[in-house]
>>> print(open('run_6.txt').read())   # compact mmCIF, C-alpha atoms and all ligand atoms
# COMPACT_ATOMS: atom_id res chain seq x y z
CA LYS A 1 246.17 -13.19 36.84
CA ARG A 2 244.78 -12.54 33.39
CA VAL A 3 243.35 -9.10 32.59
CA ALA A 4 241.31 -7.96 29.61
CA ILE A 5 240.88 -4.27 28.78
CA LEU A 6 237.85 -2.72 27.11
CA ILE A 7 238.37 0.51 25.16
CA SER A 8 236.59 2.75 22.68
CA GLY A 9 239.29 5.17 21.58
CA ARG A 10 242.74 6.57 22.25
CA GLY A 11 243.66 4.03 24.88
CA SER A 12 246.19 6.00 26.89
CA ASN A 13 245.03 4.36 30.13
CA MET A 14 245.20 1.00 28.38
CA THR A 15 248.77 1.83 27.39
CA ALA A 16 249.62 2.72 30.99
CA LEU A 17 248.32 -0.69 32.09
CA ILE A 18 250.17 -2.52 29.32
CA GLU A 19 253.44 -0.75 30.12
CA ALA A 20 253.08 -1.39 33.86
CA ALA A 21 252.31 -5.06 33.23
CA LYS A 22 255.60 -5.46 31.36
CA ALA A 23 257.45 -5.20 34.68
CA PRO A 24 258.42 -8.71 35.78
CA ASP A 25 256.97 -8.21 39.26
CA PHE A 26 253.58 -6.92 38.06
CA PRO A 27 250.95 -9.38 39.34
CA ALA A 28 248.88 -9.48 36.14
CA GLU A 29 249.22 -10.05 32.44
CA ILE A 30 247.19 -8.14 29.85
CA VAL A 31 245.75 -10.91 27.69
CA GLY A 32 243.42 -9.03 25.37
CA VAL A 33 242.03 -5.66 24.36
CA LEU A 34 238.51 -5.33 23.01
CA SER A 35 237.10 -2.22 21.37
CA ASN A 36 233.54 -1.49 20.33
CA LYS A 37 235.00 0.80 17.65
CA ALA A 38 237.07 -0.59 14.81
CA ASP A 39 239.04 2.66 14.45
CA ALA A 40 240.09 2.94 18.10
CA LYS A 41 243.72 4.08 18.18
CA GLY A 42 244.35 1.88 21.19
CA LEU A 43 243.93 -1.27 19.10
CA GLU A 44 247.12 -0.50 17.16
CA THR A 45 249.02 0.20 20.36
CA ALA A 46 247.89 -3.09 21.89
CA ALA A 47 248.72 -5.07 18.76
CA ALA A 48 252.17 -3.47 18.64
CA SER A 49 252.76 -4.90 22.12
CA GLY A 50 251.76 -8.35 20.87
CA ILE A 51 248.45 -8.38 22.72
CA ALA A 52 245.36 -10.06 21.26
CA THR A 53 242.73 -7.60 20.06
CA ALA A 54 239.07 -7.91 19.18
CA VAL A 55 236.45 -5.56 17.75
CA ARG A 56 232.78 -5.99 18.49
CA SER A 57 230.52 -3.18 17.37
CA HIS A 58 227.43 -2.70 19.48
CA ARG A 59 225.67 -1.76 16.24
CA ASP A 60 225.85 -5.37 15.09
CA TYR A 61 223.77 -6.65 17.99
CA ALA A 62 220.03 -6.41 18.41
CA SER A 63 220.11 -5.50 22.08
CA ARG A 64 222.42 -4.48 24.89
CA GLU A 65 221.96 -7.96 26.31
CA ALA A 66 223.11 -9.59 23.07
CA PHE A 67 226.13 -7.26 22.81
CA ASP A 68 227.14 -7.88 26.42
CA ALA A 69 226.73 -11.64 25.98
CA GLU A 70 229.21 -11.45 23.12
CA LEU A 71 231.61 -9.36 25.24
CA ASP A 72 231.38 -12.02 27.91
CA ALA A 73 232.13 -14.73 25.37
CA VAL A 74 235.24 -12.90 24.16
CA LEU A 75 236.44 -12.35 27.74
CA ARG A 76 235.90 -16.01 28.56
CA GLY A 77 237.76 -16.95 25.39
CA TRP A 78 240.74 -15.01 26.76
CA GLU A 79 240.24 -16.71 30.13
CA ALA A 80 240.22 -13.29 31.77
CA ASP A 81 240.16 -13.16 35.56
CA PHE A 82 239.65 -9.39 35.63
CA VAL A 83 238.36 -6.68 33.31
CA ALA A 84 239.64 -3.11 33.21
CA LEU A 85 237.48 -0.53 31.45
CA ALA A 86 239.66 2.20 29.96
CA GLY A 87 237.63 4.79 28.14
CA PHE A 88 235.00 2.20 27.17
CA MET A 89 232.02 4.30 26.18
CA ARG A 90 229.18 1.78 26.42
CA LEU A 91 226.91 1.29 29.39
CA LEU A 92 226.90 -2.32 30.52
CA THR A 93 223.81 -4.30 31.45
CA PRO A 94 223.15 -5.29 35.07
CA GLU A 95 223.51 -8.94 34.02
CA PHE A 96 227.01 -8.32 32.72
CA THR A 97 228.10 -6.19 35.66
CA GLU A 98 226.76 -8.79 38.10
CA LYS A 99 228.70 -11.50 36.30
CA TRP A 100 231.95 -9.55 36.69
CA LEU A 101 231.15 -7.98 40.04
CA GLY A 102 234.31 -7.56 42.09
CA ARG A 103 236.42 -8.44 39.04
CA MET A 104 235.77 -5.39 36.84
CA ILE A 105 237.13 -1.89 37.41
CA ASN A 106 236.87 1.45 35.64
CA ILE A 107 238.73 4.74 35.65
CA HIS A 108 236.66 7.90 35.77
CA PRO A 109 238.12 11.38 35.24
CA ALA A 110 236.68 13.02 38.36
CA LEU A 111 236.72 12.63 42.11
CA LEU A 112 233.60 10.49 42.49
CA PRO A 113 230.91 10.86 43.68
CA SER A 114 231.32 14.32 42.13
CA PHE A 115 230.90 14.72 38.40
CA LYS A 116 229.60 11.42 37.06
CA GLY A 117 228.99 10.91 33.37
CA LEU A 118 230.54 12.86 30.53
CA HIS A 119 232.35 16.20 30.29
CA THR A 120 233.72 15.94 33.80
CA HIS A 121 236.33 18.67 33.30
CA GLU A 122 233.68 21.12 32.13
CA GLN A 123 231.57 20.07 35.10
CA ALA A 124 234.45 20.74 37.50
CA LEU A 125 235.17 24.17 36.01
CA ALA A 126 231.48 25.08 36.10
CA ALA A 127 231.29 24.06 39.76
CA GLY A 128 234.37 26.15 40.55
CA VAL A 129 236.04 23.46 42.66
CA PRO A 130 239.69 24.02 43.62
CA LEU A 131 240.48 20.29 43.41
CA HIS A 132 239.62 17.80 40.71
CA GLY A 133 241.03 14.39 39.85
CA CYS A 134 240.27 10.81 39.00
CA THR A 135 238.89 7.65 40.54
CA VAL A 136 239.40 3.94 39.98
CA HIS A 137 236.29 2.10 41.11
CA PHE A 138 234.63 -1.28 41.00
CA VAL A 139 231.96 -1.42 38.31
CA THR A 140 228.45 -1.92 39.62
CA PRO A 141 225.15 -1.59 37.74
CA GLY A 142 224.83 2.15 38.44
CA MET A 143 226.98 4.25 36.10
CA ASP A 144 230.08 5.64 37.89
CA GLU A 145 228.61 4.49 41.19
CA GLY A 146 230.78 1.60 42.31
CA PRO A 147 232.98 1.99 45.37
CA ALA A 148 236.30 3.74 44.92
CA ILE A 149 239.57 1.80 45.04
CA ALA A 150 241.94 4.70 44.46
CA GLN A 151 241.75 8.43 43.82
CA ALA A 152 244.21 11.16 42.94
CA ALA A 153 243.58 14.88 43.16
CA VAL A 154 245.02 17.67 41.04
CA PRO A 155 244.61 21.42 41.51
CA VAL A 156 242.31 23.48 39.32
CA LEU A 157 244.39 26.51 38.37
CA PRO A 158 243.21 29.99 37.40
CA GLY A 159 242.59 30.21 33.68
CA ASP A 160 242.38 26.44 33.18
CA THR A 161 240.50 25.31 30.09
CA PRO A 162 238.79 21.90 30.05
CA ASP A 163 241.73 20.63 27.98
CA ASP A 164 244.29 21.92 30.48
CA LEU A 165 242.45 20.17 33.25
CA ALA A 166 241.99 16.98 31.25
CA ALA A 167 245.73 16.80 30.58
CA ARG A 168 246.58 17.31 34.25
CA VAL A 169 244.05 14.68 35.36
CA LEU A 170 245.23 12.23 32.69
CA VAL A 171 248.74 12.16 34.18
CA ALA A 172 247.17 11.20 37.50
CA GLU A 173 244.99 8.56 35.81
CA HIS A 174 248.03 6.88 34.31
CA ALA A 175 249.68 6.81 37.74
CA ILE A 176 246.83 5.34 39.79
CA TYR A 177 245.25 2.87 37.37
CA PRO A 178 248.16 0.40 37.22
CA ARG A 179 248.54 0.54 41.00
CA ALA A 180 244.85 -0.16 41.53
CA LEU A 181 244.90 -3.06 39.08
CA ALA A 182 247.95 -4.53 40.81
CA ALA A 183 246.21 -4.30 44.20
CA LEU A 184 243.17 -6.11 42.80
CA ALA A 185 245.16 -8.79 40.99
CA GLU A 186 247.22 -9.46 44.12
CA GLY A 187 244.13 -9.72 46.28
CA ARG A 188 245.15 -6.78 48.45
CA ILE A 189 241.73 -5.29 47.85
CA ALA A 190 238.36 -6.89 47.19
CA LEU A 191 234.70 -5.96 46.91
CA GLU A 192 232.70 -7.36 49.83
CA ASP A 193 229.10 -6.46 50.61
CA GLY A 194 229.33 -3.49 48.26
CA LYS A 195 232.43 -2.05 49.95
CA VAL A 196 236.12 -2.08 49.18
CA VAL A 197 238.00 -4.05 51.79
CA HIS A 198 241.76 -3.96 52.22
CA LYS A 199 243.40 -7.24 53.06
CA GLY A 200 246.42 -7.42 55.34
CA ALA A 201 249.85 -7.95 53.81
CA ALA A 202 250.20 -11.57 52.83
C1 LIG A 301 239.98 8.94 30.30
O1 LIG A 301 239.94 10.26 30.77
C2 LIG A 301 239.16 8.04 31.18
O2 LIG A 301 239.21 8.40 32.53
C3 LIG A 301 237.77 8.26 30.66
O3 LIG A 301 237.93 8.38 29.27
C4 LIG A 301 239.25 8.81 28.97
C5 LIG A 301 239.84 7.77 28.09
O4 LIG A 301 241.13 8.12 27.65
N1 LIG A 301 236.90 7.19 31.10
P1 LIG A 301 242.09 6.99 27.09
O5 LIG A 301 241.34 6.27 25.99
O6 LIG A 301 242.44 6.08 28.23
O7 LIG A 301 243.28 7.72 26.56
>>> encode(input="run_6.txt", output="structure tokens")
Amino acid sequence: KRVAILISGRGSNMTALIEAAKAPDFPAEIVGVLSNKADAKGLETAAASGIATAVRSHRDYASREAFDAELDAVLRGWEADFVALAGFMRLLTPEFTEKWLGRMINIHPALLPSFKGLHTHEQALAAGVPLHGCTVHFVTPGMDEGPAIAQAAVPVLPGDTPDDLAARVLVAEHAIYPRALAALAEGRIALEDGKVVHKGAA
């Protein structure tokens, strides 16, 4: 299966997917990385691994629809079967999410449905929860609302700063995202009627 990754910045989750996909038994190949920011660090990392990269700035398009149509064209050019969002900081139109429904996943740095949106580590500290974590989910039109494929929890420790927590969660992100992508690419999980279904071992 062919997977494209959308990023906006550092790309550490992208790197985790690229590294995992180098294993000969990984069921997917990363065929392209697109960023909406030309200075995204992740672009260099992807290029260094010999992966095709593309930059499309949302500022160059008159509407969200026009930007998303261009994204779709790039993804089709790469013949992508699946899309993995990895720190991609643009909201996608319902048209685009419908087109990729069941074939597009995202990683969110919180245990959804808690703490959607931005600043999730600050949100978790403000709420005083003892457990925090990350979620890989199918992308649906509602932001951070698609059904969860995988989650990992980490403890919130006394004295944690948002950065401490972010670093602890990030380790968990890098562990679960490649596994979730592999499950999707292998058809072990699928989105059916708005729910994640697990298929029996082939
Ligand atoms: C990660 O915490 C991811 O969960 C969130 O944005 C951050 C991106 O980091 N959506 P990176 O670009 O993958 O390093």
>>> closest_residue(input="run_6.txt", among="A:Arg90, A:His132, A:His198, A:Arg10", to="Ala183 in chain A", atoms="all atoms listed in the file")
A:His198
>>> residues_near_ligand(input="run_6.txt", ligand="ligand LIG 301 (chain A)", cutoff="8 Å", atoms="all atoms listed in the file", output="PyMOL selection string")
chain A and resi 7-15+42+85-89+106-110+134+166+169-170+173
>>> write_last_selection(input="run_6.txt", atoms="C-alpha atoms", output="PDB file, in the coordinates of the input")
ATOM      1  CA  ILE A   7     238.370   0.510  25.160  1.00  0.00           C
ATOM      2  CA  SER A   8     236.590   2.750  22.680  1.00  0.00           C
ATOM      3  CA  GLY A   9     239.290   5.170  21.580  1.00  0.00           C
ATOM      4  CA  ARG A  10     242.740   6.570  22.250  1.00  0.00           C
ATOM      5  CA  GLY A  11     243.660   4.030  24.880  1.00  0.00           C
ATOM      6  CA  SER A  12     246.190   6.000  26.890  1.00  0.00           C
ATOM      7  CA  ASN A  13     245.030   4.360  30.130  1.00  0.00           C
ATOM      8  CA  MET A  14     245.200   1.000  28.380  1.00  0.00           C
ATOM      9  CA  THR A  15     248.770   1.830  27.390  1.00  0.00           C
ATOM     10  CA  GLY A  42     244.350   1.880  21.190  1.00  0.00           C
ATOM     11  CA  LEU A  85     237.480  -0.530  31.450  1.00  0.00           C
ATOM     12  CA  ALA A  86     239.660   2.200  29.960  1.00  0.00           C
ATOM     13  CA  GLY A  87     237.630   4.790  28.140  1.00  0.00           C
ATOM     14  CA  PHE A  88     235.000   2.200  27.170  1.00  0.00           C
ATOM     15  CA  MET A  89     232.020   4.300  26.180  1.00  0.00           C
ATOM     16  CA  ASN A 106     236.870   1.450  35.640  1.00  0.00           C
ATOM     17  CA  ILE A 107     238.730   4.740  35.650  1.00  0.00           C
ATOM     18  CA  HIS A 108     236.660   7.900  35.770  1.00  0.00           C
ATOM     19  CA  PRO A 109     238.120  11.380  35.240  1.00  0.00           C
ATOM     20  CA  ALA A 110     236.680  13.020  38.360  1.00  0.00           C
ATOM     21  CA  CYS A 134     240.270  10.810  39.000  1.00  0.00           C
ATOM     22  CA  ALA A 166     241.990  16.980  31.250  1.00  0.00           C
ATOM     23  CA  VAL A 169     244.050  14.680  35.360  1.00  0.00           C
ATOM     24  CA  LEU A 170     245.230  12.230  32.690  1.00  0.00           C
ATOM     25  CA  GLU A 173     244.990   8.560  35.810  1.00  0.00           C
TER      26      GLU A 173
END
>>> atom_distance(input="run_6.txt", atom1="CA of Leu34 in chain A", atom2="CA of Leu6 in chain A")
4.9 Å
>>> residues_near_point(input="run_6.txt", point="(240.0, -3.2, 22.0)", cutoff="8 Å", atoms="all atoms listed in the file", output="PyMOL selection string")
chain A and resi 5-8+32-37+40+42-43+46+53-55
>>> residues_around(input="run_6.txt", residues="range 120-124 of chain A", least_positions_apart="5", cutoff="12 Å", atoms="only C-alpha atoms", output="PyMOL selection string")
chain A and resi 108-115+129-135+144+154-157+160-170
>>> write_last_selection(input="run_6.txt", atoms="C-alpha atoms", output="short mmCIF file (atom, residue, chain, number, x, y, z; two decimals), in the frame of the given file")
data_model
loop_
_atom_site.label_atom_id
_atom_site.label_comp_id
_atom_site.auth_asym_id
_atom_site.auth_seq_id
_atom_site.Cartn_x
_atom_site.Cartn_y
_atom_site.Cartn_z
CA HIS A 108 236.66 7.90 35.77
CA PRO A 109 238.12 11.38 35.24
CA ALA A 110 236.68 13.02 38.36
CA LEU A 111 236.72 12.63 42.11
CA LEU A 112 233.60 10.49 42.49
CA PRO A 113 230.91 10.86 43.68
CA SER A 114 231.32 14.32 42.13
CA PHE A 115 230.90 14.72 38.40
CA VAL A 129 236.04 23.46 42.66
CA PRO A 130 239.69 24.02 43.62
CA LEU A 131 240.48 20.29 43.41
CA HIS A 132 239.62 17.80 40.71
CA GLY A 133 241.03 14.39 39.85
CA CYS A 134 240.27 10.81 39.00
CA THR A 135 238.89 7.65 40.54
CA ASP A 144 230.08 5.64 37.89
CA VAL A 154 245.02 17.67 41.04
CA PRO A 155 244.61 21.42 41.51
CA VAL A 156 242.31 23.48 39.32
CA LEU A 157 244.39 26.51 38.37
CA ASP A 160 242.38 26.44 33.18
CA THR A 161 240.50 25.31 30.09
CA PRO A 162 238.79 21.90 30.05
CA ASP A 163 241.73 20.63 27.98
CA ASP A 164 244.29 21.92 30.48
CA LEU A 165 242.45 20.17 33.25
CA ALA A 166 241.99 16.98 31.25
CA ALA A 167 245.73 16.80 30.58
CA ARG A 168 246.58 17.31 34.25
CA VAL A 169 244.05 14.68 35.36
CA LEU A 170 245.23 12.23 32.69
#
>>> decode(input="run_6.txt", residues="range 85-121 of chain A", atoms="N, CA and C atoms", output="short mmCIF file (atom, residue, chain, number, x, y, z; two decimals), in the first residue's frame")
data_model
loop_
_atom_site.label_atom_id
_atom_site.label_comp_id
_atom_site.auth_asym_id
_atom_site.auth_seq_id
_atom_site.Cartn_x
_atom_site.Cartn_y
_atom_site.Cartn_z
N LEU A 85 -1.88 12.09 8.57
CA LEU A 85 -1.60 13.45 9.01
C LEU A 85 -0.64 13.37 10.19
N ALA A 86 0.42 14.16 10.14
CA ALA A 86 1.42 14.10 11.21
C ALA A 86 1.84 15.52 11.56
N GLY A 87 1.06 16.14 12.43
CA GLY A 87 1.33 17.52 12.77
C GLY A 87 0.96 18.46 11.64
N PHE A 88 -0.06 18.09 10.88
CA PHE A 88 -0.55 18.95 9.78
C PHE A 88 -1.56 19.92 10.38
N MET A 89 -1.23 21.21 10.30
CA MET A 89 -1.96 22.20 11.09
C MET A 89 -3.06 22.93 10.33
N ARG A 90 -3.60 22.31 9.29
CA ARG A 90 -4.72 22.92 8.58
C ARG A 90 -5.97 22.07 8.78
N LEU A 91 -7.09 22.75 8.96
CA LEU A 91 -8.36 22.03 8.98
C LEU A 91 -8.72 21.67 7.55
N LEU A 92 -9.27 20.49 7.37
CA LEU A 92 -9.61 20.01 6.03
C LEU A 92 -11.11 20.14 5.80
N THR A 93 -11.47 20.41 4.56
CA THR A 93 -12.90 20.58 4.24
C THR A 93 -13.62 19.24 4.32
N PRO A 94 -14.94 19.31 4.56
CA PRO A 94 -15.74 18.07 4.56
C PRO A 94 -15.61 17.30 3.24
N GLU A 95 -15.52 18.03 2.13
CA GLU A 95 -15.39 17.36 0.83
C GLU A 95 -14.14 16.50 0.79
N PHE A 96 -13.05 17.07 1.28
CA PHE A 96 -11.77 16.35 1.26
C PHE A 96 -11.82 15.17 2.22
N THR A 97 -12.33 15.40 3.43
CA THR A 97 -12.35 14.30 4.40
C THR A 97 -13.29 13.19 3.92
N GLU A 98 -14.38 13.54 3.27
CA GLU A 98 -15.28 12.51 2.74
C GLU A 98 -14.57 11.68 1.67
N LYS A 99 -13.80 12.38 0.84
CA LYS A 99 -13.10 11.68 -0.25
C LYS A 99 -12.12 10.64 0.29
N TRP A 100 -11.50 10.96 1.43
CA TRP A 100 -10.48 10.06 2.01
C TRP A 100 -11.01 9.31 3.22
N LEU A 101 -12.31 9.34 3.41
CA LEU A 101 -12.89 8.70 4.59
C LEU A 101 -12.50 7.22 4.67
N GLY A 102 -12.00 6.83 5.82
CA GLY A 102 -11.57 5.44 6.01
C GLY A 102 -10.16 5.18 5.52
N ARG A 103 -9.58 6.19 4.85
CA ARG A 103 -8.23 6.02 4.29
C ARG A 103 -7.28 7.10 4.80
N MET A 104 -7.76 7.93 5.74
CA MET A 104 -6.93 9.02 6.27
C MET A 104 -6.98 8.98 7.80
N ILE A 105 -5.77 9.02 8.41
CA ILE A 105 -5.67 8.96 9.86
C ILE A 105 -4.83 10.13 10.38
N ASN A 106 -5.00 10.39 11.67
CA ASN A 106 -4.30 11.51 12.30
C ASN A 106 -3.79 11.04 13.65
N ILE A 107 -2.75 11.69 14.14
CA ILE A 107 -2.33 11.47 15.53
C ILE A 107 -2.56 12.75 16.32
N HIS A 108 -3.19 12.59 17.47
CA HIS A 108 -3.53 13.72 18.32
C HIS A 108 -2.90 13.51 19.69
N PRO A 109 -2.26 14.55 20.23
CA PRO A 109 -1.53 14.37 21.49
C PRO A 109 -2.42 14.50 22.74
N ALA A 110 -3.43 13.68 22.81
CA ALA A 110 -4.29 13.59 24.00
C ALA A 110 -5.11 12.32 23.88
N LEU A 111 -5.69 11.91 25.00
CA LEU A 111 -6.57 10.76 24.99
C LEU A 111 -7.97 11.24 24.61
N LEU A 112 -8.25 11.24 23.31
CA LEU A 112 -9.58 11.68 22.85
C LEU A 112 -10.65 10.77 23.45
N PRO A 113 -11.85 11.28 23.74
CA PRO A 113 -12.35 12.61 23.37
C PRO A 113 -11.95 13.74 24.32
N SER A 114 -11.05 13.51 25.25
CA SER A 114 -10.56 14.63 26.06
C SER A 114 -9.58 15.49 25.26
N PHE A 115 -9.61 16.76 25.50
CA PHE A 115 -8.58 17.69 25.05
C PHE A 115 -8.37 17.71 23.55
N LYS A 116 -9.41 18.09 22.84
CA LYS A 116 -9.30 18.32 21.39
C LYS A 116 -8.56 19.64 21.15
N GLY A 117 -8.20 19.85 19.90
CA GLY A 117 -7.64 21.15 19.53
C GLY A 117 -6.19 21.31 19.93
N LEU A 118 -5.81 22.55 20.20
CA LEU A 118 -4.42 22.89 20.46
C LEU A 118 -4.11 22.87 21.96
N HIS A 119 -2.81 22.95 22.27
CA HIS A 119 -2.34 23.08 23.65
C HIS A 119 -2.89 21.97 24.55
N THR A 120 -2.81 20.76 24.07
CA THR A 120 -3.41 19.64 24.80
C THR A 120 -2.69 19.36 26.12
N HIS A 121 -1.39 19.62 26.17
CA HIS A 121 -0.65 19.32 27.40
C HIS A 121 -1.00 20.34 28.48
#
